[in-house]
Amino acid sequence: MKTSIAIVDDHELMAKALSGLVQKYEEYEVIYEVGNGKELIKYIQLNMVPSIVLLDISMPEMNGYETALWLKNNYPKIRILALSMNDKEEAIVEMLRNGAHGYLPKGCKPYELKMALDSLVAKGYYYSEFVTGKLVKSLNPDTILNPVEALNLNDRETEFIKLACSDLTYVEIADKMCVSPRTVDGYRESVFQKMNVKSRVGMVIEAIRLKIVEL
């Protein structure tokens with residue numbers, strides 16, 4: 001069964017080009033193309049719900065930021081891949097905060113789009129070196145005051161975050177913290193909630209951005 005995709009881009013030529021490219025991939029099918037977030041919502045409310053949305057940022061009526069946030073709040077299972085000419089750090093961070101599960105510049109290679117789509121299906125997210133590099137560059141420690149206190153993280157949760165920002169498994173983390181794996185699961189759930197993330201990768205990115213851990 002093919003993975004359904006909706007393309008949201010106000011540039012019709014770009015939307016058609018994207019659609020043609022995606023249709024070449026056997027595992028995917030484009031079910032419709034729309035010019036902004038409002039049009040996407042109309043289709044979704046007609047029960048035409050895609051698995052993945054390829055989402056532009058700059059659009060009239062309802063832009064990418066607003067659309068991503070609406071999807072996050074109403075259809076969190078839809079995977080959002082932001083595609084934009086805007087490669088500024090602030091734009092990427094804002095899209096990820098609003099619910100995007102990945103980001104690609106429109107100048108990317110076709111194989112990168114396929115890689116991103118496959119990652120969204122397999123893992124639920126796609127964070128390329130381009131994105132993580134931009135996120136690290138956007139860090140501004142002068143504007144971050146006591147992130148641990150601001151997030152209300154206790155000492156054990158902070159220790160868990162630092163250990164999780166490595167290649168240790170959760171079982172190995174439990175061993176190092178001298179607690180049971182179930183206790184570590186509790187730390188993970190609490191940290192994910194406090195940091196407003198859904199995955200270990202998201203937690204690591206937030207921890208780096210907030211300087212809870214140093215690169």
# chains A, B, ... in the order shown; residues from 1 in each chain; ligands from 1
call {"tool": "select_by_dssp", "arguments": {"residues": "stretch 6-136 of chain A", "states": "helix (DSSP H, G or I)", "output": "PyMOL selection string"}}
result
chain A and resi 12-23+37-45+64-74+89-97+110-122+129-136
call {"tool": "atom_distance", "arguments": {"atom1": "atom CA of A:Ile80", "atom2": "atom CA of A:Asp10"}}
result
16.6 Å
call {"tool": "residues_around", "arguments": {"residues": "A:Leu117", "least_positions_apart": "6", "cutoff": "9 Å", "atoms": "only C-alpha atoms", "output": "list of chain:residue names"}}
result
A:Tyr28, A:Ile52, A:Leu81, A:Tyr125, A:Tyr126
call {"tool": "atom_distance", "arguments": {"atom1": "atom CA of A:Val204", "atom2": "atom CA of A:Pro181"}}
result
19.5 Å
call {"tool": "residues_around", "arguments": {"residues": "A:Gly99", "least_positions_apart": "3", "cutoff": "9 Å", "atoms": "only C-alpha atoms", "output": "mmCIF file with N, CA and C atoms, in the first residue's frame"}}
result
data_model
loop_
_atom_site.group_PDB
_atom_site.id
_atom_site.type_symbol
_atom_site.label_atom_id
_atom_site.label_comp_id
_atom_site.auth_asym_id
_atom_site.auth_seq_id
_atom_site.Cartn_x
_atom_site.Cartn_y
_atom_site.Cartn_z
ATOM 1 N N TYR A 65 3.903 28.061 8.999
ATOM 2 C CA TYR A 65 3.952 28.034 10.468
ATOM 3 C C TYR A 65 2.559 27.749 11.036
ATOM 4 N N ALA A 68 1.371 24.125 10.071
ATOM 5 C CA ALA A 68 2.042 23.087 10.867
ATOM 6 C C ALA A 68 1.448 23.017 12.267
ATOM 7 N N LEU A 69 1.214 24.181 12.867
ATOM 8 C CA LEU A 69 0.657 24.212 14.216
ATOM 9 C C LEU A 69 -0.753 23.625 14.244
ATOM 10 N N TRP A 70 -1.555 23.936 13.214
ATOM 11 C CA TRP A 70 -2.915 23.385 13.144
ATOM 12 C C TRP A 70 -2.863 21.868 13.023
ATOM 13 N N LEU A 71 -1.980 21.368 12.179
ATOM 14 C CA LEU A 71 -1.834 19.922 12.020
ATOM 15 C C LEU A 71 -1.368 19.272 13.321
ATOM 16 N N LYS A 72 -0.430 19.899 13.985
ATOM 17 C CA LYS A 72 0.088 19.380 15.256
ATOM 18 C C LYS A 72 -1.031 19.250 16.287
ATOM 19 N N ASN A 73 -1.904 20.242 16.332
ATOM 20 C CA ASN A 73 -2.979 20.259 17.329
ATOM 21 C C ASN A 73 -4.174 19.383 16.953
ATOM 22 N N PRO A 76 -2.062 15.078 14.786
ATOM 23 C CA PRO A 76 -0.648 14.870 15.134
ATOM 24 C C PRO A 76 0.012 13.675 14.462
ATOM 25 N N ARG A 79 2.667 13.292 9.273
ATOM 26 C CA ARG A 79 4.076 13.701 9.271
ATOM 27 C C ARG A 79 4.242 14.931 8.379
ATOM 28 N N ILE A 80 4.937 15.937 8.896
ATOM 29 C CA ILE A 80 5.115 17.196 8.160
ATOM 30 C C ILE A 80 6.572 17.355 7.731
ATOM 31 N N GLU A 94 11.395 27.565 14.138
ATOM 32 C CA GLU A 94 9.974 27.842 14.295
ATOM 33 C C GLU A 94 9.113 26.726 13.690
ATOM 34 N N MET A 95 9.509 26.230 12.531
ATOM 35 C CA MET A 95 8.753 25.142 11.909
ATOM 36 C C MET A 95 8.809 23.879 12.759
ATOM 37 N N LEU A 96 9.984 23.557 13.291
ATOM 38 C CA LEU A 96 10.106 22.366 14.127
ATOM 39 C C LEU A 96 9.312 22.527 15.418
#
call {"tool": "residues_around", "arguments": {"residues": "A:Ile57", "least_positions_apart": "5", "cutoff": "10 Å", "atoms": "only C-alpha atoms", "output": "list in words"}}
result
Val8, Asp9, Asp10, Asn36, Gly37, Met62, Asn63, Gly64, Tyr65, Glu66, Thr67, Ala68, Ala82, Leu83, Ser84, Met85, Asn86, Ala91, Ile92 and Met95 of chain A
call {"tool": "write_last_selection", "arguments": {"atoms": "C-alpha atoms", "output": "tab-separated table (two decimals), in the first residue's frame"}}
result
chain	number	residue	atom	x	y	z
A	8	VAL	CA	1.02	22.50	0.02
A	9	ASP	CA	2.76	25.19	-2.03
A	10	ASP	CA	1.41	28.39	-3.58
A	36	ASN	CA	-2.11	27.19	1.21
A	37	GLY	CA	-3.06	25.85	4.62
A	62	MET	CA	-2.41	30.55	5.90
A	63	ASN	CA	1.36	30.11	5.91
A	64	GLY	CA	3.49	27.11	6.81
A	65	TYR	CA	3.95	28.03	10.47
A	66	GLU	CA	0.19	28.33	11.03
A	67	THR	CA	-0.54	25.20	9.02
A	68	ALA	CA	2.04	23.09	10.87
A	82	ALA	CA	8.84	21.49	5.49
A	83	LEU	CA	10.21	22.45	2.07
A	84	SER	CA	11.25	26.06	1.64
A	85	MET	CA	13.65	28.51	0.05
A	86	ASN	CA	14.00	30.04	3.50
A	91	ALA	CA	12.56	29.69	10.21
A	92	ILE	CA	13.75	26.13	10.76
A	95	MET	CA	8.75	25.14	11.91
call {"tool": "select_by_dssp", "arguments": {"residues": "stretch 57-117 of chain A", "states": "strand (DSSP E)", "output": "PDB file with C-alpha atoms, in the first residue's frame"}}
result
ATOM      1  CA  ARG A  79       4.076  13.701   9.271  1.00  0.00           C
ATOM      2  CA  ILE A  80       5.115  17.196   8.160  1.00  0.00           C
ATOM      3  CA  LEU A  81       8.126  17.788   5.921  1.00  0.00           C
ATOM      4  CA  ALA A  82       8.843  21.491   5.493  1.00  0.00           C
ATOM      5  CA  LEU A  83      10.206  22.446   2.072  1.00  0.00           C
ATOM      6  CA  SER A  84      11.250  26.057   1.635  1.00  0.00           C
ATOM      7  CA  GLY A 102      11.715  17.440   9.115  1.00  0.00           C
ATOM      8  CA  TYR A 103      13.004  20.241   6.903  1.00  0.00           C
ATOM      9  CA  LEU A 104      14.550  20.380   3.443  1.00  0.00           C
ATOM     10  CA  PRO A 105      15.649  23.368   1.369  1.00  0.00           C
TER      11      PRO A 105
END
call {"tool": "residues_around", "arguments": {"residues": "A:Pro50", "least_positions_apart": "4", "cutoff": "10 Å", "atoms": "only C-alpha atoms", "output": "ChimeraX atom specification"}}
result
/A:3-7,29-32,40,43-44,77-79
call {"tool": "closest_residue", "arguments": {"among": "A:Cys178, A:Met14, A:Ile161, A:Leu210", "to": "A:Lys106", "atoms": "only C-alpha atoms"}}
result
A:Met14
call {"tool": "closest_residue", "arguments": {"among": "A:Ser199, A:Arg156, A:Ile212, A:Glu172", "to": "A:Gly186", "atoms": "only C-alpha atoms"}}
result
A:Arg156
call {"tool": "residues_around", "arguments": {"residues": "A:Lys194", "least_positions_apart": "5", "cutoff": "12 Å", "atoms": "only C-alpha atoms", "output": "short mmCIF file (atom, residue, chain, number, x, y, z; two decimals) with all heavy atoms, in the first residue's frame"}}
result
data_model
loop_
_atom_site.label_atom_id
_atom_site.label_comp_id
_atom_site.auth_asym_id
_atom_site.auth_seq_id
_atom_site.Cartn_x
_atom_site.Cartn_y
_atom_site.Cartn_z
N PRO A 147 17.91 27.20 31.80
CA PRO A 147 16.93 26.37 31.12
C PRO A 147 16.44 25.20 31.99
O PRO A 147 15.29 24.78 31.88
CB PRO A 147 17.66 25.87 29.88
CG PRO A 147 19.12 26.00 30.21
CD PRO A 147 19.21 27.21 31.08
N VAL A 148 17.32 24.67 32.83
CA VAL A 148 16.93 23.55 33.70
C VAL A 148 15.83 23.99 34.65
O VAL A 148 14.82 23.30 34.84
CB VAL A 148 18.15 23.03 34.48
CG1 VAL A 148 17.70 22.01 35.54
CG2 VAL A 148 19.16 22.39 33.53
N GLU A 149 16.01 25.19 35.23
CA GLU A 149 14.98 25.71 36.14
C GLU A 149 13.72 26.09 35.37
O GLU A 149 12.59 25.85 35.83
CB GLU A 149 15.51 26.93 36.89
CG GLU A 149 16.61 26.61 37.89
CD GLU A 149 17.08 27.85 38.64
OE1 GLU A 149 16.39 28.89 38.56
OE2 GLU A 149 18.14 27.77 39.28
N ALA A 150 13.90 26.68 34.18
CA ALA A 150 12.75 27.11 33.40
C ALA A 150 11.86 25.93 33.02
O ALA A 150 10.64 26.04 32.97
CB ALA A 150 13.22 27.84 32.15
N LEU A 151 12.49 24.78 32.76
CA LEU A 151 11.73 23.58 32.38
C LEU A 151 11.32 22.76 33.60
O LEU A 151 10.67 21.72 33.45
CB LEU A 151 12.57 22.71 31.43
CG LEU A 151 12.86 23.30 30.05
CD1 LEU A 151 13.86 22.43 29.30
CD2 LEU A 151 11.57 23.42 29.25
N ASN A 152 11.75 23.20 34.77
CA ASN A 152 11.42 22.50 36.02
C ASN A 152 11.98 21.08 36.03
O ASN A 152 11.31 20.13 36.46
CB ASN A 152 9.90 22.48 36.24
CG ASN A 152 9.53 22.13 37.67
OD1 ASN A 152 10.29 22.41 38.61
ND2 ASN A 152 8.38 21.51 37.87
N LEU A 153 13.20 20.93 35.54
CA LEU A 153 13.86 19.63 35.52
C LEU A 153 14.55 19.38 36.86
O LEU A 153 15.25 20.26 37.36
CB LEU A 153 14.90 19.57 34.39
CG LEU A 153 14.38 19.69 32.95
CD1 LEU A 153 15.53 19.95 32.00
CD2 LEU A 153 13.62 18.44 32.55
N ASN A 154 14.37 18.20 37.42
CA ASN A 154 15.10 17.89 38.66
C ASN A 154 16.47 17.31 38.32
O ASN A 154 16.81 17.08 37.15
CB ASN A 154 14.28 16.94 39.55
CG ASN A 154 13.99 15.60 38.90
OD1 ASN A 154 14.84 15.03 38.22
ND2 ASN A 154 12.78 15.09 39.10
N GLU A 157 16.47 13.99 36.28
CA GLU A 157 16.04 14.19 34.90
C GLU A 157 17.15 14.84 34.09
O GLU A 157 17.37 14.48 32.93
CB GLU A 157 14.77 15.05 34.87
CG GLU A 157 13.53 14.33 35.37
CD GLU A 157 12.34 15.24 35.59
OE1 GLU A 157 12.55 16.48 35.65
OE2 GLU A 157 11.22 14.74 35.73
N THR A 158 17.85 15.79 34.70
CA THR A 158 18.97 16.45 34.02
C THR A 158 20.08 15.44 33.74
O THR A 158 20.67 15.44 32.64
CB THR A 158 19.51 17.61 34.87
OG1 THR A 158 18.45 18.51 35.18
CG2 THR A 158 20.61 18.37 34.14
N ILE A 161 19.05 13.32 30.81
CA ILE A 161 19.21 14.03 29.53
C ILE A 161 20.65 13.97 29.06
O ILE A 161 20.94 13.67 27.90
CB ILE A 161 18.76 15.49 29.67
CG1 ILE A 161 17.24 15.57 29.85
CG2 ILE A 161 19.17 16.30 28.43
CD1 ILE A 161 16.73 16.95 30.20
N TYR A 187 11.60 8.73 33.69
CA TYR A 187 12.38 9.95 33.44
C TYR A 187 12.15 10.42 32.01
O TYR A 187 11.96 11.62 31.75
CB TYR A 187 13.89 9.70 33.65
CG TYR A 187 14.30 9.42 35.07
CD1 TYR A 187 15.40 8.61 35.34
CD2 TYR A 187 13.61 9.99 36.14
CE1 TYR A 187 15.81 8.36 36.63
CE2 TYR A 187 14.01 9.73 37.45
CZ TYR A 187 15.11 8.91 37.69
OH TYR A 187 15.52 8.66 38.97
N ARG A 188 12.20 9.47 31.07
CA ARG A 188 12.05 9.82 29.64
C ARG A 188 10.69 10.47 29.38
O ARG A 188 10.63 11.52 28.73
CB ARG A 188 12.20 8.57 28.78
CG ARG A 188 12.12 8.86 27.28
CD ARG A 188 12.15 7.59 26.46
NE ARG A 188 10.95 6.78 26.70
CZ ARG A 188 10.97 5.46 26.90
NH1 ARG A 188 12.11 4.80 26.90
NH2 ARG A 188 9.84 4.82 27.09
N GLU A 189 9.64 9.86 29.87
CA GLU A 189 8.30 10.40 29.65
C GLU A 189 8.16 11.79 30.25
O GLU A 189 7.58 12.69 29.64
CB GLU A 189 7.25 9.45 30.25
CG GLU A 189 7.11 8.15 29.48
CD GLU A 189 6.13 7.20 30.12
OE1 GLU A 189 5.38 7.66 31.01
OE2 GLU A 189 6.11 6.01 29.76
N MET A 203 14.68 15.54 21.77
CA MET A 203 15.19 15.90 23.09
C MET A 203 16.65 16.35 23.01
O MET A 203 17.04 17.35 23.63
CB MET A 203 15.09 14.70 24.03
CG MET A 203 15.64 14.95 25.43
SD MET A 203 15.70 13.44 26.44
CE MET A 203 16.92 12.48 25.53
N GLU A 206 16.87 19.85 21.51
CA GLU A 206 16.47 20.86 22.50
C GLU A 206 17.54 21.03 23.57
O GLU A 206 17.83 22.15 24.01
CB GLU A 206 15.15 20.45 23.16
CG GLU A 206 13.92 20.89 22.39
CD GLU A 206 13.78 22.40 22.34
OE1 GLU A 206 13.31 23.00 23.31
OE2 GLU A 206 14.15 22.99 21.30
N ALA A 207 18.14 19.91 24.01
CA ALA A 207 19.18 19.98 25.05
C ALA A 207 20.38 20.76 24.57
O ALA A 207 20.98 21.55 25.31
CB ALA A 207 19.59 18.56 25.46
#
call {"tool": "atom_distance", "arguments": {"atom1": "atom CA of A:Gln193", "atom2": "atom CA of A:Glu159"}}
result
16.2 Å
call {"tool": "decode", "arguments": {"residues": "stretch 33-60 of chain A", "atoms": "N, CA and C atoms", "output": "CSV table (one decimal), in the first residue's frame"}}
result
chain,number,residue,atom,x,y,z
A,33,GLU,N,-2.7,18.5,-4.5
A,33,GLU,CA,-1.9,19.7,-4.4
A,33,GLU,C,-2.7,20.9,-4.1
A,34,VAL,N,-2.4,21.7,-3.1
A,34,VAL,CA,-3.1,22.9,-2.7
A,34,VAL,C,-2.2,24.0,-2.5
A,35,GLY,N,-2.7,25.3,-2.5
A,35,GLY,CA,-1.9,26.5,-2.5
A,35,GLY,C,-1.7,27.1,-1.2
A,36,ASN,N,-2.4,26.6,-0.1
A,36,ASN,CA,-2.1,27.2,1.2
A,36,ASN,C,-2.8,26.3,2.3
A,37,GLY,N,-2.6,26.7,3.5
A,37,GLY,CA,-3.1,25.9,4.6
A,37,GLY,C,-4.6,25.7,4.7
A,38,LYS,N,-5.3,26.8,4.3
A,38,LYS,CA,-6.7,26.8,4.4
A,38,LYS,C,-7.3,25.7,3.4
A,39,GLU,N,-6.7,25.7,2.2
A,39,GLU,CA,-7.1,24.7,1.2
A,39,GLU,C,-6.9,23.2,1.7
A,40,LEU,N,-5.7,23.1,2.4
A,40,LEU,CA,-5.4,21.8,2.9
A,40,LEU,C,-6.4,21.3,4.0
A,41,ILE,N,-6.8,22.2,4.9
A,41,ILE,CA,-7.8,21.9,5.9
A,41,ILE,C,-9.1,21.5,5.3
A,42,LYS,N,-9.5,22.2,4.2
A,42,LYS,CA,-10.8,21.8,3.5
A,42,LYS,C,-10.7,20.3,3.1
A,43,TYR,N,-9.6,19.9,2.5
A,43,TYR,CA,-9.5,18.6,2.0
A,43,TYR,C,-9.5,17.6,3.2
A,44,ILE,N,-8.8,17.9,4.2
A,44,ILE,CA,-8.7,17.1,5.4
A,44,ILE,C,-10.1,16.9,6.1
A,45,GLN,N,-10.8,18.0,6.1
A,45,GLN,CA,-12.2,17.9,6.7
A,45,GLN,C,-13.1,17.1,5.8
A,46,LEU,N,-12.7,16.9,4.6
A,46,LEU,CA,-13.5,16.0,3.7
A,46,LEU,C,-13.0,14.6,3.8
A,47,ASN,N,-12.2,14.3,4.8
A,47,ASN,CA,-11.7,13.0,5.1
A,47,ASN,C,-10.6,12.5,4.1
A,48,MET,N,-10.0,13.5,3.5
A,48,MET,CA,-8.9,13.2,2.6
A,48,MET,C,-7.6,13.5,3.3
A,49,VAL,N,-7.3,12.6,4.3
A,49,VAL,CA,-6.2,12.8,5.2
A,49,VAL,C,-4.9,12.1,4.7
A,50,PRO,N,-3.9,12.9,4.4
A,50,PRO,CA,-2.6,12.3,3.9
A,50,PRO,C,-1.8,11.7,5.1
A,51,SER,N,-0.9,10.9,4.8
A,51,SER,CA,0.1,10.4,5.8
A,51,SER,C,1.2,11.4,6.0
A,52,ILE,N,1.6,12.1,4.9
A,52,ILE,CA,2.7,13.0,4.9
A,52,ILE,C,2.2,14.3,4.2
A,53,VAL,N,2.6,15.5,4.7
A,53,VAL,CA,2.4,16.8,4.1
A,53,VAL,C,3.7,17.4,3.7
A,54,LEU,N,3.9,17.7,2.5
A,54,LEU,CA,5.1,18.5,2.0
A,54,LEU,C,4.6,20.0,2.1
A,55,LEU,N,5.2,20.7,3.0
A,55,LEU,CA,4.7,22.0,3.4
A,55,LEU,C,5.6,23.2,3.1
A,56,ASP,N,5.2,24.1,2.3
A,56,ASP,CA,6.0,25.3,2.1
A,56,ASP,C,5.8,26.3,3.3
A,57,ILE,N,6.6,27.2,3.4
A,57,ILE,CA,6.5,28.2,4.6
A,57,ILE,C,5.8,29.4,4.2
A,58,SER,N,6.3,30.1,3.1
A,58,SER,CA,5.7,31.4,2.7
A,58,SER,C,4.5,31.2,1.8
A,59,MET,N,3.3,31.4,2.3
A,59,MET,CA,2.1,31.2,1.4
A,59,MET,C,1.1,32.2,1.9
A,60,PRO,N,0.1,32.6,1.0
A,60,PRO,CA,-0.9,33.6,1.3
A,60,PRO,C,-2.0,32.9,2.2
